[in-house]
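So this one's my_file_15.pdb, PDB, C-alpha atoms:
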```
ATOM      1  CA  MET H  96     157.753  38.395  64.023
ATOM      2  CA  THR H  97     160.426  37.971  61.366
ATOM      3  CA  ILE H  98     160.209  35.085  58.937
ATOM      4  CA  THR H  99     163.132  34.122  56.739
ATOM      5  CA  PRO H 100     162.807  32.650  53.249
ATOM      6  CA  VAL H 101     164.081  29.323  54.553
ATOM      7  CA  GLU H 102     161.336  29.250  57.183
ATOM      8  CA  LEU H 103     158.750  29.842  54.482
ATOM      9  CA  HIS H 104     159.934  26.704  52.711
ATOM     10  CA  HIS H 105     159.199  24.694  55.843
ATOM     11  CA  VAL H 106     155.780  26.100  56.726
ATOM     12  CA  ASP H 107     153.288  23.316  57.291
ATOM     13  CA  LEU H 108     149.749  24.594  57.466
ATOM     14  CA  PRO H 109     147.389  22.126  59.053
ATOM     15  CA  GLY H 110     144.524  20.917  56.921
ATOM     16  CA  SER H 111     141.062  19.973  57.999
ATOM     17  CA  TRP H 112     138.129  18.176  56.521
ATOM     18  CA  ARG H 113     136.890  21.346  54.835
ATOM     19  CA  GLY H 114     140.270  23.074  54.879
ATOM     20  CA  TYR H 115     142.236  24.584  52.058
ATOM     21  CA  ARG H 116     143.243  22.913  48.817
ATOM     22  CA  ARG H 117     146.801  21.976  49.571
ATOM     23  CA  LYS H 118     148.393  22.255  46.122
ATOM     24  CA  PRO H 119     147.467  25.916  45.358
ATOM     25  CA  VAL H 120     148.406  27.057  48.867
ATOM     26  CA  ASP H 121     151.712  25.184  48.756
ATOM     27  CA  GLN H 122     152.418  26.755  45.356
ATOM     28  CA  LEU H 123     151.601  30.204  46.748
ATOM     29  CA  LEU H 124     153.978  29.657  49.685
ATOM     30  CA  GLU H 125     156.690  28.537  47.268
ATOM     31  CA  ASP H 126     156.160  31.633  45.090
ATOM     32  CA  VAL H 127     156.237  33.927  48.125
ATOM     33  CA  ALA H 128     159.423  32.265  49.416
ATOM     34  CA  ARG H 129     161.111  32.580  46.012
ATOM     35  CA  SER H 130     160.132  36.238  45.743
ATOM     36  CA  PHE H 131     161.250  36.890  49.309
ATOM     37  CA  GLU H 132     164.641  35.264  48.623
ATOM     38  CA  GLU H 133     165.107  37.536  45.628
ATOM     39  CA  VAL H 134     164.326  40.607  47.730
ATOM     40  CA  TRP H 135     166.773  39.470  50.438
ATOM     41  CA  ARG H 136     169.474  38.917  47.824
ATOM     42  CA  GLU H 137     168.881  42.366  46.318
ATOM     43  CA  ARG H 138     168.938  43.903  49.787
ATOM     44  CA  ALA H 139     172.334  42.308  50.474
ATOM     45  CA  GLU H 140     173.662  43.544  47.116
ATOM     46  CA  PHE H 141     172.409  47.063  47.854
ATOM     47  CA  ALA H 142     174.016  46.973  51.301
ATOM     48  CA  ASP H 143     177.336  45.984  49.704
ATOM     49  CA  ARG H 144     176.981  48.734  47.111
ATOM     50  CA  ILE H 145     176.191  51.317  49.802
ATOM     51  CA  GLU H 146     179.287  50.268  51.728
ATOM     52  CA  GLN H 147     181.388  50.618  48.573
ATOM     53  CA  LEU H 148     179.915  54.034  47.786
ATOM     54  CA  ASP H 149     180.466  55.203  51.370
ATOM     55  CA  GLY H 150     184.128  54.322  50.977
ATOM     56  CA  GLU H 151     184.361  56.182  47.698
ATOM     57  CA  LEU H 152     182.595  59.188  49.211
ATOM     58  CA  ALA H 153     185.042  59.290  52.119
ATOM     59  CA  ARG H 154     187.948  59.088  49.677
ATOM     60  CA  HIS H 155     186.523  61.951  47.599
ATOM     61  CA  ARG H 156     185.939  64.063  50.700
ATOM     62  CA  ASP H 157     189.558  63.515  51.738
ATOM     63  CA  LEU H 158     190.668  64.483  48.237
ATOM     64  CA  GLU H 159     188.480  67.606  48.352
ATOM     65  CA  THR H 160     190.043  68.614  51.674
ATOM     66  CA  LEU H 161     193.527  68.111  50.237
ATOM     67  CA  LEU H 162     192.664  70.163  47.152
ATOM     68  CA  ARG H 163     191.247  72.984  49.280
ATOM     69  CA  THR H 164     194.370  73.013  51.443
ATOM     70  CA  THR H 165     196.576  73.034  48.352
ATOM     71  CA  LEU H 166     194.579  75.878  46.791
ATOM     72  CA  VAL H 167     194.767  77.980  49.954
ATOM     73  CA  SER H 168     198.503  77.341  50.167
ATOM     74  CA  ALA H 169     198.995  78.290  46.512
ATOM     75  CA  GLU H 170     196.957  81.477  46.950
ATOM     76  CA  LYS H 171     198.957  82.387  50.046
ATOM     77  CA  SER H 172     202.243  81.779  48.216
ATOM     78  CA  ALA H 173     201.102  83.864  45.242
ATOM     79  CA  HIS H 174     200.042  86.697  47.549
ATOM     80  CA  GLU H 175     203.374  86.620  49.427
ATOM     81  CA  SER H 176     205.249  86.501  46.128
ATOM     82  CA  ARG H 177     203.432  89.635  44.921
ATOM     83  CA  LEU H 178     204.242  91.448  48.177
ATOM     84  CA  THR H 179     207.959  90.665  47.986
ATOM     85  CA  SER H 180     208.277  91.572  44.326
TER
END
```
Turn this file's structure into structure tokens for me.
Amino acid sequence: MTITPVELHHVDLPGSWRGYRRKPVDQLLEDVARSFEEVWRERAEFADRIEQLDGELARHRDLETLLRTTLVSAEKSAHESRLTS
């Protein structure tokens, strides 16, 4: 079962005659919800950062491929130039 931070804010635990002390439990739920919201926010930021880094990685891989192709072409041209000279 997945619980969101918003759902934690709306949890209503039933009390009883010898039940829990409401104020400390409500404070604990509030602290847990606040902490959970922070973790969710960080998770979203990390997901955005991963997406950005994936894009950069793809760009660098494309650049590496281009550089390899250019190097092979330059080596081939140099070799052919030596043979014709």
Between atom CA of Leu103 of chain H and atom CA of Ser130 of chain H lies a distance of 10.9 Å
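Going from atom CA of Glu159 of chain H to atom CA of Lys171 of chain H covers 18.2 Å.
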In terms of the shortest atom-to-atom distance over all atoms listed in the file, which of H:Asp157, H:Glu140, H:Glu170, H:Glu132 is closest to Ile98 of chain H?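 Ranked by minimum distance to Ile98 of chain H, first place goes to H:Glu132.
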Item to complete: Provide the atom CA of Leu162 of chain H to atom CA of His174 of chain H distance in Å, to one decimal place.
Response: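 Atom CA of Leu162 of chain H sits 18.1 Å away from atom CA of His174 of chain H.
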Could you list, as a list in words, every residue within 12 Å of Val120 of chain H, counting only C-alpha atoms and ignoring same-chain residues fewer than 4 positions away?
Val106, Asp107, Leu108, Pro109, Gly110, Gly114, Tyr115, Arg116, Leu124, Glu125, Asp126 and Val127 of chain H
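With all atoms listed in the file as the atoms that count, the residue of H:Ser168, H:Leu148, H:Glu175, H:Pro100 with the shortest distance to Val134 of chain H is H:Pro100.
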Return the padded bounding box of segment 108-113 of chain H as JSON: axis-aligned, built from all atoms listed in the file, 4 Å added on each side, with centre and edge lengths in Å to one decimal.
```
{"center_x": 143.3, "center_y": 21.4, "center_z": 56.9, "size_x": 20.9, "size_y": 14.4, "size_z": 12.2}
```
